[in-house]
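Okay, structure first, notes after.
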Amino acid sequence: MSTHFDATLDVKGAKCPMPLVKSRKAIGDLPVGHVLQVIATDRGSIADFQGWATTAKNIRLIAQETTAEGGQDLYVHYLERTA
């Protein structure tokens, strides 16, 4: 998948709820319309980001994908700041 993004947040190794907490801060630092790529190793981040996107008024979840790096699954989330 090739999704455009403006910034990357690497939260590999962080456990719930830290990927979401750090992403909330990072997305707030971006201008409206920019996309944040979040790279996590916590499987729970998939549902966490989906839930956040349905309740938040300032983001849109564009895509999620799972890749592997060095034998470890990576969960990649793309979030657009909408407000």
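Here's how to read the names in the structure tokens: chain A, B, ... by the order shown, residue numbers from 1 in each chain, ligand numbers from 1 in the order shown.
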inquiry  = Please list as a VMD selection string every residue within 7 Å of A:Lys12, counting only C-alpha atoms and excluding residues in the same chain fewer than 3 positions away.
reply    = chain A and resid 39 to 41
Please produce a file of those selected residues containing N, CA and C atoms, as a CSV table (one decimal), in the first residue's frame.
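New file out15.csv:
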chain,number,residue,atom,x,y,z
A,39,ILE,N,3.7,4.0,13.5
A,39,ILE,CA,4.2,2.6,13.4
A,39,ILE,C,4.3,2.0,14.8
A,40,ALA,N,3.5,1.0,15.0
A,40,ALA,CA,3.3,0.4,16.4
A,40,ALA,C,3.6,-1.1,16.3
A,41,THR,N,4.0,-1.7,17.4
A,41,THR,CA,4.1,-3.2,17.6
A,41,THR,C,3.0,-3.8,18.4
task = If you run DSSP over the backbone, which residues in chain A end up strand (DSSP E or B)? Put them as number ranges by chain.
result = A: 7-11, 35-40, 59-69, 72-81
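The closest residue to A:Thr82, picked from A:Pro19, A:Gly13, A:Gly28, A:Gly33 and counting only C-alpha atoms, is A:Gly33.
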Can you pull out every residue within 10 Å of A:Tyr75, counting only C-alpha atoms, but drop anything in the same chain fewer than 2 positions away, and send it as a CSV table (one decimal) with N, CA and C atoms, in the first residue's frame?
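Written file, selection-v2.csv:
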chain,number,residue,atom,x,y,z
A,12,LYS,N,7.1,1.9,18.3
A,12,LYS,CA,7.4,0.5,18.4
A,12,LYS,C,7.9,0.2,19.8
A,38,VAL,N,1.7,6.3,11.9
A,38,VAL,CA,2.1,5.8,13.2
A,38,VAL,C,2.5,4.3,13.0
A,39,ILE,N,3.7,4.0,13.5
A,39,ILE,CA,4.2,2.6,13.4
A,39,ILE,C,4.3,2.0,14.8
A,40,ALA,N,3.5,1.0,15.0
A,40,ALA,CA,3.3,0.4,16.4
A,40,ALA,C,3.6,-1.1,16.3
A,41,THR,N,4.0,-1.7,17.4
A,41,THR,CA,4.1,-3.2,17.6
A,41,THR,C,3.0,-3.8,18.4
A,42,ASP,N,2.2,-2.9,19.0
A,42,ASP,CA,1.1,-3.4,19.9
A,42,ASP,C,-0.1,-3.7,19.0
A,43,ARG,N,-0.5,-5.0,19.0
A,43,ARG,CA,-1.6,-5.5,18.2
A,43,ARG,C,-2.9,-4.8,18.6
A,44,GLY,N,-3.1,-4.4,19.9
A,44,GLY,CA,-4.2,-3.7,20.3
A,44,GLY,C,-4.4,-2.3,19.7
A,45,SER,N,-3.3,-1.8,19.1
A,45,SER,CA,-3.4,-0.5,18.5
A,45,SER,C,-4.4,-0.4,17.3
A,46,ILE,N,-4.6,-1.6,16.7
A,46,ILE,CA,-5.6,-1.6,15.6
A,46,ILE,C,-7.0,-1.2,16.0
A,64,GLN,N,-5.1,1.4,7.5
A,64,GLN,CA,-4.3,0.6,8.5
A,64,GLN,C,-3.7,-0.6,7.7
A,65,GLU,N,-2.5,-0.9,8.0
A,65,GLU,CA,-1.9,-2.1,7.4
A,65,GLU,C,-0.9,-2.8,8.4
A,66,THR,N,-0.7,-4.1,8.1
A,66,THR,CA,0.2,-4.9,8.9
A,66,THR,C,1.4,-5.3,8.0
A,67,THR,N,2.6,-5.0,8.5
A,67,THR,CA,3.8,-5.5,7.8
A,67,THR,C,4.7,-6.2,8.8
A,68,ALA,N,5.8,-6.7,8.3
A,68,ALA,CA,6.7,-7.4,9.2
A,68,ALA,C,8.1,-6.8,9.0
A,72,GLN,N,9.0,-9.4,13.2
A,72,GLN,CA,8.1,-8.8,14.2
A,72,GLN,C,7.0,-8.1,13.3
A,73,ASP,N,5.7,-8.3,13.8
A,73,ASP,CA,4.6,-7.6,13.1
A,73,ASP,C,4.6,-6.1,13.4
A,77,HIS,N,-0.6,2.8,11.0
A,77,HIS,CA,-1.9,3.6,10.9
A,77,HIS,C,-1.6,4.9,10.3
ask   = A:Lys22: which residues within 12 Å, counting only C-alpha atoms, same-chain residues fewer than 4 positions away excluded, as a list of chain:residue names?
value = A:Thr8, A:Leu9, A:Asp10, A:Val11, A:Lys12, A:Ala14, A:Lys15, A:Cys16, A:Pro17, A:Met18, A:Ala26, A:Ile27, A:Gly28, A:Asp29, A:Leu36, A:Val38, A:Ile39, A:Ala40, A:Ser45, A:Phe49
File dump, residues just selected, N, CA and C atoms, as an mmCIF file, in the first residue's frame:
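Heads up, here's the output in part35.cif:
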data_model
loop_
_atom_site.group_PDB
_atom_site.id
_atom_site.type_symbol
_atom_site.label_atom_id
_atom_site.label_comp_id
_atom_site.auth_asym_id
_atom_site.auth_seq_id
_atom_site.Cartn_x
_atom_site.Cartn_y
_atom_site.Cartn_z
ATOM 1 N N THR A 8 5.955 10.964 10.518
ATOM 2 C CA THR A 8 5.950 9.598 11.035
ATOM 3 C C THR A 8 6.177 9.628 12.541
ATOM 4 N N LEU A 9 5.417 8.799 13.243
ATOM 5 C CA LEU A 9 5.596 8.615 14.680
ATOM 6 C C LEU A 9 5.907 7.144 14.912
ATOM 7 N N ASP A 10 7.082 6.856 15.437
ATOM 8 C CA ASP A 10 7.506 5.483 15.712
ATOM 9 C C ASP A 10 7.247 5.194 17.192
ATOM 10 N N VAL A 11 6.273 4.330 17.443
ATOM 11 C CA VAL A 11 5.955 3.953 18.825
ATOM 12 C C VAL A 11 6.176 2.449 19.021
ATOM 13 N N LYS A 12 7.121 1.887 18.270
ATOM 14 C CA LYS A 12 7.439 0.462 18.401
ATOM 15 C C LYS A 12 7.868 0.181 19.841
ATOM 16 N N ALA A 14 6.028 0.341 22.476
ATOM 17 C CA ALA A 14 5.126 0.979 23.450
ATOM 18 C C ALA A 14 3.855 0.139 23.591
ATOM 19 N N LYS A 15 3.415 -0.028 24.801
ATOM 20 C CA LYS A 15 2.200 -0.792 25.100
ATOM 21 C C LYS A 15 1.024 0.149 25.310
ATOM 22 N N CYS A 16 -0.172 -0.396 25.143
ATOM 23 C CA CYS A 16 -1.421 0.345 25.332
ATOM 24 C C CYS A 16 -1.408 1.014 26.712
ATOM 25 N N PRO A 17 -1.744 2.259 26.804
ATOM 26 C CA PRO A 17 -2.348 3.150 25.813
ATOM 27 C C PRO A 17 -1.351 4.110 25.158
ATOM 28 N N MET A 18 -0.058 3.892 25.333
ATOM 29 C CA MET A 18 0.942 4.875 24.895
ATOM 30 C C MET A 18 0.941 5.168 23.389
ATOM 31 N N ALA A 26 1.008 14.096 18.791
ATOM 32 C CA ALA A 26 1.660 14.329 17.494
ATOM 33 C C ALA A 26 0.691 14.882 16.457
ATOM 34 N N ILE A 27 -0.528 14.380 16.424
ATOM 35 C CA ILE A 27 -1.498 14.859 15.432
ATOM 36 C C ILE A 27 -1.882 16.307 15.736
ATOM 37 N N GLY A 28 -1.882 16.666 17.011
ATOM 38 C CA GLY A 28 -2.185 18.041 17.396
ATOM 39 C C GLY A 28 -1.127 19.031 16.959
ATOM 40 N N ASP A 29 0.084 18.546 16.725
ATOM 41 C CA ASP A 29 1.180 19.407 16.286
ATOM 42 C C ASP A 29 1.209 19.599 14.766
ATOM 43 N N LEU A 36 -0.502 11.757 9.488
ATOM 44 C CA LEU A 36 0.486 11.174 10.393
ATOM 45 C C LEU A 36 0.517 9.670 10.187
ATOM 46 N N VAL A 38 1.695 6.286 11.875
ATOM 47 C CA VAL A 38 2.078 5.765 13.185
ATOM 48 C C VAL A 38 2.489 4.309 13.011
ATOM 49 N N ILE A 39 3.688 3.962 13.485
ATOM 50 C CA ILE A 39 4.195 2.601 13.386
ATOM 51 C C ILE A 39 4.255 2.024 14.795
ATOM 52 N N ALA A 40 3.453 0.971 15.028
ATOM 53 C CA ALA A 40 3.344 0.378 16.356
ATOM 54 C C ALA A 40 3.605 -1.126 16.300
ATOM 55 N N SER A 45 -3.331 -1.805 19.115
ATOM 56 C CA SER A 45 -3.423 -0.472 18.519
ATOM 57 C C SER A 45 -4.399 -0.441 17.340
ATOM 58 N N PHE A 49 -7.034 2.610 17.505
ATOM 59 C CA PHE A 49 -7.095 3.684 16.518
ATOM 60 C C PHE A 49 -8.452 3.722 15.815
#
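Note that DSSP on the backbone gives helix (DSSP H, G or I) to these residues of chain A: Met18, Pro19, Leu20, Val21, Lys22, Ser23, Arg24, Lys25, Ala26, Ile27, Gly28, Ser45, Ile46, Ala47, Asp48, Phe49, Gln50, Gly51, Trp52, Ala53, Thr54 and Thr55 of chain A.
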query = Of the candidates A:Glu69, A:Asp6, A:Arg60, A:Thr54, which one gets nearest to A:Leu30 if we count only C-alpha atoms?
reply = A:Asp6
